[in-house]
Amino acid sequence: MKILVPISVVPDTTSKIAFTDGETKFNEDGIQWIVNPYDEWYALVRALEITEKDGGTVTVVSVGDATAEPVIRKALALGANDAVRIDVKPTESYVVAKELANYAKGQGFDMILLGKETINYNGSEVGGMLAEFLNLPYISLASKLEVNGGVATLERGIEGGSEILEVKMPFVASASKGMAEQRIPNMRGIMAARTKPLTVVPASNVAAKTATVKYILPAPKSSVKLVAADNVDELVRLLHEEAKAI
Amino acid sequence: MSVLIFVDTKNGEIKKSALEAVQYGSKVAAQLGGQAVALTLNAKEASVLGSVGASKVLNVTDASINASDPQKVVEAIVKAANTVGAKVVVFANDSTAKAVAPRLSARSGAGLVTNVTSLPDTSNGFVVSKNVFSGKAHALVNILSDEKVLCILSNSFPVVKSAGTAPVETFSVDVSAINSGITVKEVKGMGTGGAVPLPEAELVVSAGRGLKGPENWGMVEEMATILGATTACSRPVADIGWRPHHEHVGQTGVAIRPNLYIAIGISGAIQHLAGVNGSKVIVVINKDPEAPFFKAADYGIVGDAFEVVPKLNEAFRKFKQANG
């Protein structure tokens with residue numbers, strides 16, 4: 001079994017969200033970069049569990065410049081066999097998906113697993129695009145994945161429920177909470193990661209379909225209006241008359 | 001230029017988020033000087049889409065074309081877009097759109113923007129606003145390609161219905177050549193008991209560890225029933241199994257943006273706020289006055305949930321009786 005796990009490098013979940021250069025760029029000062037949690041906790045860990053049980057290899061691939069490498073090493077420390085960095089700064093989903101597809105094409109991956117979205121841009125776009133570029137089936141928002149021979153069974157989240165699907169390999173799936181449990185890399189993994197192969201491949205210079213013009217922070221919330229615990233009628237009145245929420 | 005709006009259905013019923021998308025699409029069509037055409041999958045009463053601005057509905061009746069098999073849906077959309085001459089395709093930003101819209105974008109070389117929260121500004125390009133950083137910021141994104149795909153964030157555009165109806169045509173697409181190898185084995189409802197699914201809910205009542213145990217959720221469910229709200233919970237509560245996972249709102253759970261979010265016994269960790277900060281009005285009930293959630297709230301009560309909530313339920317009930 002040959003599994004590919006595309007990973008994104010994102011700011012830590014507790015990062016301060018601020019912008020610079022006339023609000024056109026994310027302010028990276030003091031930001032801790034991590035593997036996108038959906039890619040790491042769910043997609044990568046599940047891929048590792050499957051290959052630990054059935055044999056095979058897990059390759060992680062990331063679209064990014066050299067600054068992404070320490071974060072990519074973290075995925076190697078967790079147990080991925082090798083890593084690939086496609087050498088271009090990721091600007092938008094179409095570019096990322098096309099670069100990933102150009103790399104993955106013809107490599108014979110049985111399964112491509114990635115997170116359901118990145119925690120910074122929340123697009124949920126790359127997986128479906130990648131599947132289309134590779135002409136593979138795509139199962140989005142999968143919370144369970146079991147493999148049996150050449151067939152996988154997945155549970156996919158839909159509004160107010162879920163559906164159980166079967167799909168033949170190869171396929172692309174996006175992972176959501178429930179697919180696996182977060183792992184912490186151990187010292188042996190961290191040491192081993194230093195010598196695992198991290199190959200840099202040139203980008204194919206895909207033209208972007210979208211461009212971010214500007215970022216806007218929401219206006220700060222005015223301070224909370226406190227209502228006494230023995231005056232709940234006042235809260236109901238405020239919700240009705242002032243907030244018009246009920 | 002015409003705009004095509006993709007409308008998913010659940011057992012033939014049109015979802016509320018789809019009405020929002022059609023209305024949005026009709027406004028974009030008006031901006032571009034074209035028609036808004038809706039493409040529905042097995043819709044029972046598709047003509048009602050005229051009341052939210054569709055000038056025509058193309059209804060696909062082949063049941064094999066459904067959201068579980070995105071490749072077939074993409075085929076139908078591409079054919080419909082060609083038929084009506086649409087370069088802009090609009091979706092509600094739901095689980096179906098997440099499976100279908102990216103494929104469509106890759107297939108037709110269309111710039112895709114998801115989580116859209118504004119109508120396009122066409123004065124200099126085609127710029128829409130989208131939620132990023134889990135709602136902690138907006139980005140203004142210009143779509144550079146002629147073909148465009150937009151996924152509209154739920155509860156961003158209130159639906160205003162008119163009296164109109166739209167003509168419905170049956171639309172056939174040949175998908176016999178598509179073999180994606182996906183088989184649906186089972187569809188599980190998660191017992192929301194007819195309540196509105198969380199991402200579409202306008203009123204949400206949510207509780208966390210402050211409730212001390214799953215046996216204490218009765219009063220939360222009671223509040224939801226009185227208000228016609230959907231119940232939700234914080235991550236720790238779902239993780240320890242007090243509540244089902246599909247109720248978990250937050251960064252790793254469901255992101256919601258209801259009109260009213262009532263949080264009971266939830267401290268308001270940054271990851272929780274990321275999933276609910278799009279709510280228009282936030283009410284926090286917590287016995288700890290230092291709970292960070294109060295900083296993100298519009299209204300708050302510092303008090304013990306076990307005392308406050310039953311009283312509040314009584315007050316809501318009185319209000320509902322007086323106001324229908």
# chains A, B, ... in the order shown; residues from 1 in each chain; ligands from 1
call {"tool": "interface_residues", "arguments": {"of": "chain B", "to": "chain A", "cutoff": "6 Å", "atoms": "only C-alpha atoms", "output": "PyMOL selection string"}}
result
chain B and resi 95+99+102-103+106+111+114+132-133+137-145+180-190+197+260+297-301+303+312+315
call {"tool": "write_last_selection", "arguments": {"atoms": "C-alpha atoms", "output": "PDB file, in the first residue's frame"}}
result
ATOM      1  CA  SER B  95     -21.166  19.150   2.540  1.00  0.00           C
ATOM      2  CA  ALA B  99     -17.475  17.488  -2.553  1.00  0.00           C
ATOM      3  CA  PRO B 102     -13.642  21.928  -6.080  1.00  0.00           C
ATOM      4  CA  ARG B 103     -14.034  19.255  -8.768  1.00  0.00           C
ATOM      5  CA  ALA B 106     -10.558  21.966 -11.511  1.00  0.00           C
ATOM      6  CA  GLY B 111     -11.512  30.315  -9.762  1.00  0.00           C
ATOM      7  CA  THR B 114     -15.722  29.173  -0.555  1.00  0.00           C
ATOM      8  CA  VAL B 132     -10.808  33.065   6.826  1.00  0.00           C
ATOM      9  CA  PHE B 133      -8.997  32.052  10.024  1.00  0.00           C
ATOM     10  CA  ALA B 137     -10.902  37.681   9.678  1.00  0.00           C
ATOM     11  CA  HIS B 138     -12.267  38.303   6.209  1.00  0.00           C
ATOM     12  CA  ALA B 139     -10.348  38.229   2.958  1.00  0.00           C
ATOM     13  CA  LEU B 140     -11.350  40.123  -0.166  1.00  0.00           C
ATOM     14  CA  VAL B 141     -10.607  37.780  -3.050  1.00  0.00           C
ATOM     15  CA  ASN B 142     -10.547  38.686  -6.720  1.00  0.00           C
ATOM     16  CA  ILE B 143     -11.462  35.887  -9.122  1.00  0.00           C
ATOM     17  CA  LEU B 144      -9.185  36.212 -12.132  1.00  0.00           C
ATOM     18  CA  SER B 145     -10.642  33.551 -14.431  1.00  0.00           C
ATOM     19  CA  SER B 180     -16.457   6.530  -9.978  1.00  0.00           C
ATOM     20  CA  GLY B 181     -16.624   3.239  -8.099  1.00  0.00           C
ATOM     21  CA  ILE B 182     -18.409   4.826  -5.136  1.00  0.00           C
ATOM     22  CA  THR B 183     -21.247   2.793  -3.597  1.00  0.00           C
ATOM     23  CA  VAL B 184     -23.454   4.131  -0.816  1.00  0.00           C
ATOM     24  CA  LYS B 185     -23.982   1.389   1.761  1.00  0.00           C
ATOM     25  CA  GLU B 186     -25.981   3.184   4.385  1.00  0.00           C
ATOM     26  CA  VAL B 187     -27.255   6.623   5.317  1.00  0.00           C
ATOM     27  CA  LYS B 188     -27.381   7.370   9.017  1.00  0.00           C
ATOM     28  CA  GLY B 189     -29.503  10.111  10.501  1.00  0.00           C
ATOM     29  CA  MET B 190     -28.122  11.198  13.824  1.00  0.00           C
ATOM     30  CA  PRO B 197     -29.146  20.881  11.213  1.00  0.00           C
ATOM     31  CA  LEU B 260     -28.516  33.605  18.569  1.00  0.00           C
ATOM     32  CA  ALA B 297     -20.389  37.755  24.408  1.00  0.00           C
ATOM     33  CA  ASP B 298     -23.101  40.334  23.827  1.00  0.00           C
ATOM     34  CA  TYR B 299     -25.064  39.396  26.927  1.00  0.00           C
ATOM     35  CA  GLY B 300     -23.994  37.478  29.981  1.00  0.00           C
ATOM     36  CA  ILE B 301     -25.242  36.116  33.248  1.00  0.00           C
ATOM     37  CA  GLY B 303     -24.379  32.506  37.827  1.00  0.00           C
ATOM     38  CA  LEU B 312     -34.579  31.345  32.105  1.00  0.00           C
ATOM     39  CA  ALA B 315     -39.063  33.226  31.282  1.00  0.00           C
TER      40      ALA B 315
END
call {"tool": "select_by_dssp", "arguments": {"residues": "range 177-219 of chain A", "states": "alpha helix (DSSP H)", "output": "VMD selection string"}}
result
chain A and resid 187 to 193
call {"tool": "closest_atom_pairs", "arguments": {"of": "range 78-155 of chain A", "to": "range 39-60 of chain A", "cutoff": "6 Å", "atoms": "only C-alpha atoms", "output": "CSV"}}
result
residue,atom,partner,partner_atom,distance
A:Ala80,CA,A:Val58,CA,5.1
A:Asn81,CA,A:Val58,CA,5.5
A:Asp82,CA,A:Thr59,CA,5.1
A:Ala83,CA,A:Val60,CA,4.7
A:Leu113,CA,A:Ala43,CA,5.4
A:Leu114,CA,A:Asp39,CA,5.1
A:Gly115,CA,A:Asp39,CA,4.0
call {"tool": "residues_around", "arguments": {"residues": "Gln31 in chain B", "least_positions_apart": "6", "cutoff": "10 Å", "atoms": "only C-alpha atoms", "output": "list in words"}}
result
Met1, Gly25, Leu119, Pro120, Asp121 and Thr122 of chain B
